[in-house]
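Let me begin by presenting the structure, written as structure tokens, before commenting on it.
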Amino acid sequence: MSYQSSQGLQQFKNLVGIKFQLYNSLFTSLPFHRIEKTGILLSLLLTICEEGYKKKQSPGQIIEEFFEKHTTYMKERERADILFRFVQYVERQIVLFDALEDAAFRDVNDMGGAGTLKHLLSEVIQTGKEEALTEKLKDYSVLMVLTAHPTQFYPGPVLGIINDLSRAVIENNAGQINLYLQQLGKTPFLKKQKPTPYDEAISLVWYLENVFYQACGKILSSLQNQFPDAIDKNNAVIKMGFWPGGDRDGNPFVTVDITKKVAEALRGAIIKCYYLDVRRLKRRLTFKGVDTILADLEEKLYNNIFIPEHTTDLNAQEVLSPLLQIREILIYQHNSLFLHLLDNLINKVQAFGLHFATLDIRQESTVHQNVLVAVAAKDKLVPENYASLDDKEKMAVLTGLSGSAHPELYEDKLVKDTLETIASIRSIQRANGEQGCYRYIISQCNSALNVLEVFGLFLISGWKKDKMTIDIVPLFETVDDLQHAAAIMQELYTNKVYKKHLQGRNNKQTIMLGFSDGTKDGGYLMANWSIYKAKEELTSISKEYGIDVVFFDGRGGPPARGGGKTHKFYASMGRNISNKEIQLTIQGQTVSSNFGTVDTAQYNIEQMVHAGISNDLFSSKEVTLQADEEELLQQLSVDSYKAYSALKDHPYFLEYLNEISPLRFYNETNIASRPSRRKSAGKLELKDLRAIPYVGAWSQLKQNVTGYYGVGKALQAMDKRGRWEEVKHLYDNSLFFRTLLDNCEMAMKKCFFPLTEHYSDHPVYGEIWNLIYKEYELTQKYIFKLTGKNELMADYPVEQLSIQMRERIVLPLSTLQQYALTKFQQLEKSGENKSMKEVYEKLIIRSSFGIINAARNSA
């Protein structure tokens, strides 16, 4: 362990571990019914759980023994009540732990160490790469797209308490901490109704205003201060994107009215941020010639926030121009006094404009096909025989369309909304600037025709080919789609009309790659390998046709959905993978856990900014992997895929997950507006199941299949072929492969098989449980053989300890959830005591919150 790691670990023990024990005692004063006794009983239950699992007891046996030996509760309803109080208690312990971690972040992590901007700047100076940095920053950027994926189990008020609580901890304000804990005791965690897409948008706008606005401003100012000539005024190094209100894939509640309302909210939010900054500047810039300019700008911004009819008479240049005018006056008349404060605001205006974040529109490919067929029947802007044409004929038709469809003619809500949304993008661009809404993402894209269908829809919505300020972004998700992605893009690059469209977009093509569905479809190794190969092939084919390809990664929180050590993946890429820009989604739970405070956001954004720059400036790697290394990884992926497919094809696979995990209750958590399945009716099929509930269910089972299954068998196969030394060499020399396995270790560290070991001899599910457990053991064995360590995540001691502590806090919750699942199934089969069946269902759902929140990146 390095000195910095050991120092960080000690700080973590002091500032999080010890403080958690101290503040945990304050829970006895929380406003719960008989809370003191609840705390004592919960502590006892935790001990009984730990001892019980060592004795191979089931969750049911542990809970029953607890009630019989240590309480006087005899009635089933009374026992359920105390279990609900345990849920409430543990939920709030997790909040406390989150707040303590956030508060300690700056002390535990080296804010000027490897991967930070400070470190990058010293590297640049030492190697004399100032000119190279200036060149790189002309078109390099990091785009973080906030999404409302249903992984955020904390309601908005609780997130606010975590933020305030962490601040009080930093200030050592015991009185405030006590008050916030009391507030926490009275604040509900369960939402009685699902949030609307607009609710989801507003909760994420809070992060834009209170976290990203500040953190991005600090980073841009730091870059400008160190290298004033390196910042290109025409290129924002940090950009924000936004999906709530624009992402309608599988979400019928996102409508054109919601889209326009969210665009207005983003515009209003950034103007409010500028207004508050101008007010602060007025207190410092009290000089002659400056004060009146600032006062005029303040009035303009005020009118745009509070007077509705003024919302369209302001553009970003009108905010920027007076600030640049003031800058000249400060430099030449006032000795540059407080120039750094002004520059900070100028940087933010140049980065965020009047859009704050780009509102992306996303829809599933089959919807566009249906809209075109409907238009052919009614508006006659598409040939009536369109549906009977082959793909090539359709593509020829689509690139020659024109006119303006009439959405009001259509009764089908989806057809009407699609046409209205495409038409509305123009008005959003007028109000928020072109950056306000210029990307249309096609999910489940599997052909060039899918892209041209969207192109054609824009042409029949009043858009002209030569004035189409829109980037059409195909999203490739399944293993099969990823393997065909390069051929699809080649077909588009050779299409004369589409090529001309790309020329009007600076010969830049954005391609989105989905990690979540890829993992669900092909398993952990194959999904990551398929995305890598797709990127390599797409980079090559795009270069061949003179196109700058930009990859937009659809990454979730856990390693199984592209999360984990994300910045290390970007840092590991060679020049055979396009890296002009880093674009990725920041989803649900990851927003609060990795970007919940200004410190955590600044640190994690810097890691990504650093990854892309250092990769280009200091890496001598022309390729990420040599030919022999690629062949090795290809074989590992194939072997892994075979193992995962065999599990997935087991006749009881989905039934196992549906019965012994909370999967079927995911939609009842009311954490998101989007349904958990693409099809709400009919038999449960894997292809209809969203990746988030799928991965989240494995996580709550403490089996995390999607983060490692198949890796052990793949490594074992290589060992049997006598190629172990090649694998070891690959691990020692490839950051890409090493990061893959680091993330694998993270997923495995959050597993706890004793929780479900009672299923090992189950007549139906025993075979599957044993397959999973054996693969876990096999993967662990080979990871230890590779790393030379004897424990998972040994290279990340702080994260390792954090996971251990969190998993211990939540162990009673996982236990009682499994107990409730068993009870629910028994009552469901017997058809008896419907009221208690409902109680157990609520208990299953309620315990999901604490389990998911404790893991921080589990769904």
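Residues in the structure tokens are numbered from 1 in each chain, the chains being A, B, ... in the order shown, and ligands are numbered from 1 in the order shown.
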Within 12 Å of range 593-616 of chain A, which residues of range 151-267 of chain A show up? Give each one with its shortest atom-to-atom distance in Å (one decimal) and the two atoms involved, counting only C-alpha atoms, rows by chain then rising residue number, as JSON lines.
{"residue": "A:Thr151", "atom": "CA", "partner": "A:Ser593", "partner_atom": "CA", "distance": 11.3}
{"residue": "A:Gln152", "atom": "CA", "partner": "A:Ser593", "partner_atom": "CA", "distance": 9.8}
{"residue": "A:Phe153", "atom": "CA", "partner": "A:Ser593", "partner_atom": "CA", "distance": 11.6}
{"residue": "A:Tyr154", "atom": "CA", "partner": "A:Ser593", "partner_atom": "CA", "distance": 10.9}
{"residue": "A:Leu159", "atom": "CA", "partner": "A:Gly596", "partner_atom": "CA", "distance": 8.5}
{"residue": "A:Gly160", "atom": "CA", "partner": "A:Gly596", "partner_atom": "CA", "distance": 9.8}
{"residue": "A:Ile161", "atom": "CA", "partner": "A:Gly596", "partner_atom": "CA", "distance": 11.7}
{"residue": "A:Ile162", "atom": "CA", "partner": "A:Gly596", "partner_atom": "CA", "distance": 9.0}
{"residue": "A:Asn163", "atom": "CA", "partner": "A:Thr597", "partner_atom": "CA", "distance": 7.1}
{"residue": "A:Asp164", "atom": "CA", "partner": "A:Thr597", "partner_atom": "CA", "distance": 10.2}
{"residue": "A:Leu165", "atom": "CA", "partner": "A:Thr597", "partner_atom": "CA", "distance": 11.6}
{"residue": "A:Ser166", "atom": "CA", "partner": "A:Thr597", "partner_atom": "CA", "distance": 9.1}
{"residue": "A:Arg167", "atom": "CA", "partner": "A:Thr597", "partner_atom": "CA", "distance": 9.5}
{"residue": "A:Leu204", "atom": "CA", "partner": "A:Gly596", "partner_atom": "CA", "distance": 10.7}
{"residue": "A:Trp206", "atom": "CA", "partner": "A:Gly596", "partner_atom": "CA", "distance": 10.4}
{"residue": "A:Tyr207", "atom": "CA", "partner": "A:Gly596", "partner_atom": "CA", "distance": 7.4}
{"residue": "A:Leu208", "atom": "CA", "partner": "A:Phe595", "partner_atom": "CA", "distance": 10.1}
{"residue": "A:Glu209", "atom": "CA", "partner": "A:Val598", "partner_atom": "CA", "distance": 10.8}
{"residue": "A:Asn210", "atom": "CA", "partner": "A:Val598", "partner_atom": "CA", "distance": 7.9}
{"residue": "A:Val211", "atom": "CA", "partner": "A:Val598", "partner_atom": "CA", "distance": 5.0}
{"residue": "A:Phe212", "atom": "CA", "partner": "A:Ala601", "partner_atom": "CA", "distance": 7.0}
{"residue": "A:Tyr213", "atom": "CA", "partner": "A:Val598", "partner_atom": "CA", "distance": 8.9}
{"residue": "A:Gln214", "atom": "CA", "partner": "A:Val598", "partner_atom": "CA", "distance": 6.7}
{"residue": "A:Ala215", "atom": "CA", "partner": "A:Gln602", "partner_atom": "CA", "distance": 5.0}
{"residue": "A:Cys216", "atom": "CA", "partner": "A:Gln602", "partner_atom": "CA", "distance": 7.0}
{"residue": "A:Gly217", "atom": "CA", "partner": "A:Gln602", "partner_atom": "CA", "distance": 9.5}
{"residue": "A:Lys218", "atom": "CA", "partner": "A:Gln602", "partner_atom": "CA", "distance": 7.8}
{"residue": "A:Ile219", "atom": "CA", "partner": "A:Gln602", "partner_atom": "CA", "distance": 7.0}
{"residue": "A:Leu220", "atom": "CA", "partner": "A:Glu606", "partner_atom": "CA", "distance": 10.2}
{"residue": "A:Ser222", "atom": "CA", "partner": "A:Glu606", "partner_atom": "CA", "distance": 10.8}
{"residue": "A:Leu223", "atom": "CA", "partner": "A:Glu606", "partner_atom": "CA", "distance": 10.7}
{"residue": "A:Ala236", "atom": "CA", "partner": "A:Val609", "partner_atom": "CA", "distance": 11.9}
{"residue": "A:Val237", "atom": "CA", "partner": "A:Val609", "partner_atom": "CA", "distance": 8.2}
{"residue": "A:Ile238", "atom": "CA", "partner": "A:Val609", "partner_atom": "CA", "distance": 8.2}
{"residue": "A:Lys239", "atom": "CA", "partner": "A:Ile605", "partner_atom": "CA", "distance": 10.7}
{"residue": "A:Met240", "atom": "CA", "partner": "A:Ile605", "partner_atom": "CA", "distance": 11.3}
Range 376-591 of chain A: which residues are strand (DSSP E or B) by DSSP, as a PyMOL selection string? chain A and resi 404+439-443+461+471-476+508-514+548-554+581-587
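Going from CA of Phe253 in chain A over to CA of Thr196 in chain A, you cover 7.3 Å.
Considering only C-alpha atoms, the residue among A:Val142, A:Arg92, A:Asn234, A:Met746 positioned nearest to Phe552 in chain A is A:Val142.
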Residues at most 9 Å from Thr756 in chain A, counting only C-alpha atoms, excluding those fewer than 3 positions away in the same chain, as a compact mmCIF listing (two decimals) with N, CA, C and O atoms, in the first residue's frame?
# COMPACT_ATOMS: atom_id res chain seq x y z
N SER A 58 -30.75 -19.78 7.45
CA SER A 58 -31.43 -18.99 6.42
C SER A 58 -31.92 -17.68 7.04
O SER A 58 -32.05 -17.59 8.27
N PRO A 59 -32.23 -16.67 6.21
CA PRO A 59 -32.79 -15.42 6.76
C PRO A 59 -34.04 -15.68 7.59
O PRO A 59 -34.24 -15.04 8.63
N ILE A 660 -36.73 -15.03 -6.22
CA ILE A 660 -35.95 -14.86 -4.98
C ILE A 660 -35.33 -13.47 -4.84
O ILE A 660 -34.63 -13.19 -3.87
N LEU A 701 -29.85 -9.12 -4.32
CA LEU A 701 -29.64 -10.53 -3.95
C LEU A 701 -28.24 -10.76 -3.39
O LEU A 701 -27.93 -11.83 -2.87
N LYS A 702 -27.38 -9.77 -3.56
CA LYS A 702 -25.96 -9.86 -3.17
C LYS A 702 -25.24 -10.96 -3.98
O LYS A 702 -24.39 -11.67 -3.45
N GLN A 703 -25.63 -11.07 -5.26
CA GLN A 703 -24.98 -12.02 -6.14
C GLN A 703 -24.29 -11.34 -7.33
O GLN A 703 -23.38 -11.91 -7.92
N PHE A 752 -22.61 -11.37 -1.19
CA PHE A 752 -22.68 -12.05 0.10
C PHE A 752 -23.57 -13.29 -0.06
O PHE A 752 -24.78 -13.24 0.09
N PHE A 753 -22.95 -14.39 -0.41
CA PHE A 753 -23.70 -15.60 -0.74
C PHE A 753 -24.37 -16.29 0.45
O PHE A 753 -25.39 -16.97 0.25
N TYR A 759 -30.82 -21.64 -0.62
CA TYR A 759 -31.33 -22.09 -1.92
C TYR A 759 -30.41 -23.11 -2.58
O TYR A 759 -30.74 -23.64 -3.63
N SER A 760 -29.27 -23.37 -1.99
CA SER A 760 -28.28 -24.27 -2.61
C SER A 760 -28.81 -25.69 -2.80
O SER A 760 -28.39 -26.41 -3.71
N TRP A 769 -28.34 -21.56 -8.27
CA TRP A 769 -27.58 -20.94 -7.17
C TRP A 769 -26.16 -21.50 -7.16
O TRP A 769 -25.19 -20.73 -7.02
N GLN A 818 -35.18 -10.76 2.46
CA GLN A 818 -35.31 -12.16 2.06
C GLN A 818 -36.38 -12.88 2.89
O GLN A 818 -37.15 -13.69 2.36
Close residues, Ile62 in chain A itself excluded, 10 Å, only C-alpha atoms, min 2 positions apart in chain, as a PyMOL selection string: chain A and resi 45+48-53+56-60+64-67+812+815-816+819
Selection: 12 Å around Arg248 in chain A, only C-alpha atoms, excl. self and same-chain fewer than 6 positions, as a list in words: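 Everything that qualifies: Thr147, Ala148, His149, Pro197, Val254, Thr255, Val256, Ile258, Thr259, Asp360, Ile361, Arg362, Gln363, Glu364, Ser365, Val367, Leu414, Asp417, Thr418, Thr421, Tyr440, Ile441, Ile442, Ser443, Ser673, Arg674, Pro675 and Arg678 of chain A.
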Do you know which residues are at most 12 Å from Ile18 in chain A counting only C-alpha atoms, after dropping those on the same chain fewer than 4 positions away, and could you put them as JSON, numbers by chain? {"A": [10, 11, 12, 13, 14, 22, 23, 24, 25, 97, 100, 101, 104, 805]}
Okay, now the selection with C-alpha atoms, as an mmCIF file, in the first residue's frame?
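Generated file (result_15.cif):
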data_model
loop_
_atom_site.group_PDB
_atom_site.id
_atom_site.type_symbol
_atom_site.label_atom_id
_atom_site.label_comp_id
_atom_site.auth_asym_id
_atom_site.auth_seq_id
_atom_site.Cartn_x
_atom_site.Cartn_y
_atom_site.Cartn_z
ATOM 1 C CA GLN A 10 -6.322 6.435 8.268
ATOM 2 C CA GLN A 11 -8.252 9.637 7.528
ATOM 3 C CA PHE A 12 -11.238 7.543 6.485
ATOM 4 C CA LYS A 13 -11.110 5.557 9.725
ATOM 5 C CA ASN A 14 -10.937 8.770 11.776
ATOM 6 C CA LEU A 22 -20.234 8.767 17.641
ATOM 7 C CA TYR A 23 -23.089 10.319 15.668
ATOM 8 C CA ASN A 24 -24.935 7.006 15.491
ATOM 9 C CA SER A 25 -25.610 7.398 19.208
ATOM 10 C CA PHE A 97 -22.716 7.408 6.507
ATOM 11 C CA LEU A 100 -19.812 11.597 6.640
ATOM 12 C CA GLU A 101 -18.132 10.266 3.492
ATOM 13 C CA ALA A 104 -14.421 13.666 4.567
ATOM 14 C CA MET A 805 -18.820 -0.882 6.517
#
DSSP helix (DSSP H, G or I) selection over range 448-592 of chain A, as a PyMOL selection string: chain A and resi 448-459+465-467+479-493+496-504+515-522+524-544+559-561+566-571+589-592
Quick one: distance from CA of Ser699 in chain A to CA of Tyr765 in chain A in Å, one decimal?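 Computing the Euclidean distance for CA of Ser699 in chain A and CA of Tyr765 in chain A yields 17.9 Å.
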Using only C-alpha atoms, what does the table of range 593-709 of chain A residues within 12 Å of range 777-793 of chain A look like, with each row giving the shortest atom pair and its distance in Å to one decimal, sorted by chain and ascending number, as a tab-separated table?
residue	atom	partner	partner_atom	distance
A:Ser640	CA	A:Thr779	CA	11.0
A:Gln703	CA	A:Glu777	CA	11.6
A:Val705	CA	A:Thr779	CA	11.4
A:Gly707	CA	A:Thr779	CA	10.9
A:Tyr708	CA	A:Thr779	CA	7.3
A:Tyr709	CA	A:Thr779	CA	7.9
Best match for closeness to Ser847 in chain A among A:Ser619, A:Ser661, A:Thr739, A:Gln88, counting only C-alpha atoms: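 Of all the options, A:Gln88 lies closest to Ser847 in chain A.
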Selection: 6 Å around range 520-524 of chain A, only C-alpha atoms, excl. self and same-chain fewer than 5 positions, as a list of chain:residue names: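 That gives A:Tyr641, A:Tyr644, A:Thr706, A:Gly707.
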Write the selection just made, keeping N, CA, C and O atoms, as an mmCIF file, in the first residue's frame?
data_model
loop_
_atom_site.group_PDB
_atom_site.id
_atom_site.type_symbol
_atom_site.label_atom_id
_atom_site.label_comp_id
_atom_site.auth_asym_id
_atom_site.auth_seq_id
_atom_site.Cartn_x
_atom_site.Cartn_y
_atom_site.Cartn_z
ATOM 1 N N TYR A 641 -18.641 -15.358 -22.752
ATOM 2 C CA TYR A 641 -19.975 -15.265 -23.360
ATOM 3 C C TYR A 641 -20.682 -16.626 -23.347
ATOM 4 O O TYR A 641 -21.869 -16.719 -23.050
ATOM 5 N N TYR A 644 -21.838 -17.270 -19.760
ATOM 6 C CA TYR A 644 -22.967 -16.414 -19.397
ATOM 7 C C TYR A 644 -24.230 -16.840 -20.151
ATOM 8 O O TYR A 644 -25.325 -16.890 -19.577
ATOM 9 N N THR A 706 -24.055 -9.924 -13.048
ATOM 10 C CA THR A 706 -23.696 -9.172 -14.265
ATOM 11 C C THR A 706 -22.320 -8.520 -14.190
ATOM 12 O O THR A 706 -21.830 -8.003 -15.184
ATOM 13 N N GLY A 707 -21.701 -8.546 -13.006
ATOM 14 C CA GLY A 707 -20.398 -7.894 -12.871
ATOM 15 C C GLY A 707 -19.202 -8.822 -12.981
ATOM 16 O O GLY A 707 -18.055 -8.357 -12.997
#
Looking at only C-alpha atoms, which of A:Trp529, A:Phe824, A:Trp243, A:Phe105 is the one that sits closest to Met836 in chain A? A:Phe824
Please produce, as JSON lines, a per-residue contact table for range 407-440 of chain A versus range 454-462 of chain A (criterion: any atom at most 10 Å away, only C-alpha atoms considered), showing the nearest atom pair and its distance in Å to one decimal, sorted by chain then residue number.
{"residue": "A:Pro407", "atom": "CA", "partner": "A:Ser461", "partner_atom": "CA", "distance": 9.4}
{"residue": "A:Thr418", "atom": "CA", "partner": "A:Leu457", "partner_atom": "CA", "distance": 8.9}
{"residue": "A:Leu419", "atom": "CA", "partner": "A:Ser461", "partner_atom": "CA", "distance": 6.8}
{"residue": "A:Glu420", "atom": "CA", "partner": "A:Ser461", "partner_atom": "CA", "distance": 8.3}
{"residue": "A:Thr421", "atom": "CA", "partner": "A:Ser461", "partner_atom": "CA", "distance": 9.5}
{"residue": "A:Ile422", "atom": "CA", "partner": "A:Phe458", "partner_atom": "CA", "distance": 6.4}
{"residue": "A:Ala423", "atom": "CA", "partner": "A:Ser461", "partner_atom": "CA", "distance": 5.7}
{"residue": "A:Ser424", "atom": "CA", "partner": "A:Ser461", "partner_atom": "CA", "distance": 9.5}
{"residue": "A:Arg426", "atom": "CA", "partner": "A:Gly462", "partner_atom": "CA", "distance": 9.6}
{"residue": "A:Tyr440", "atom": "CA", "partner": "A:Val454", "partner_atom": "CA", "distance": 8.2}
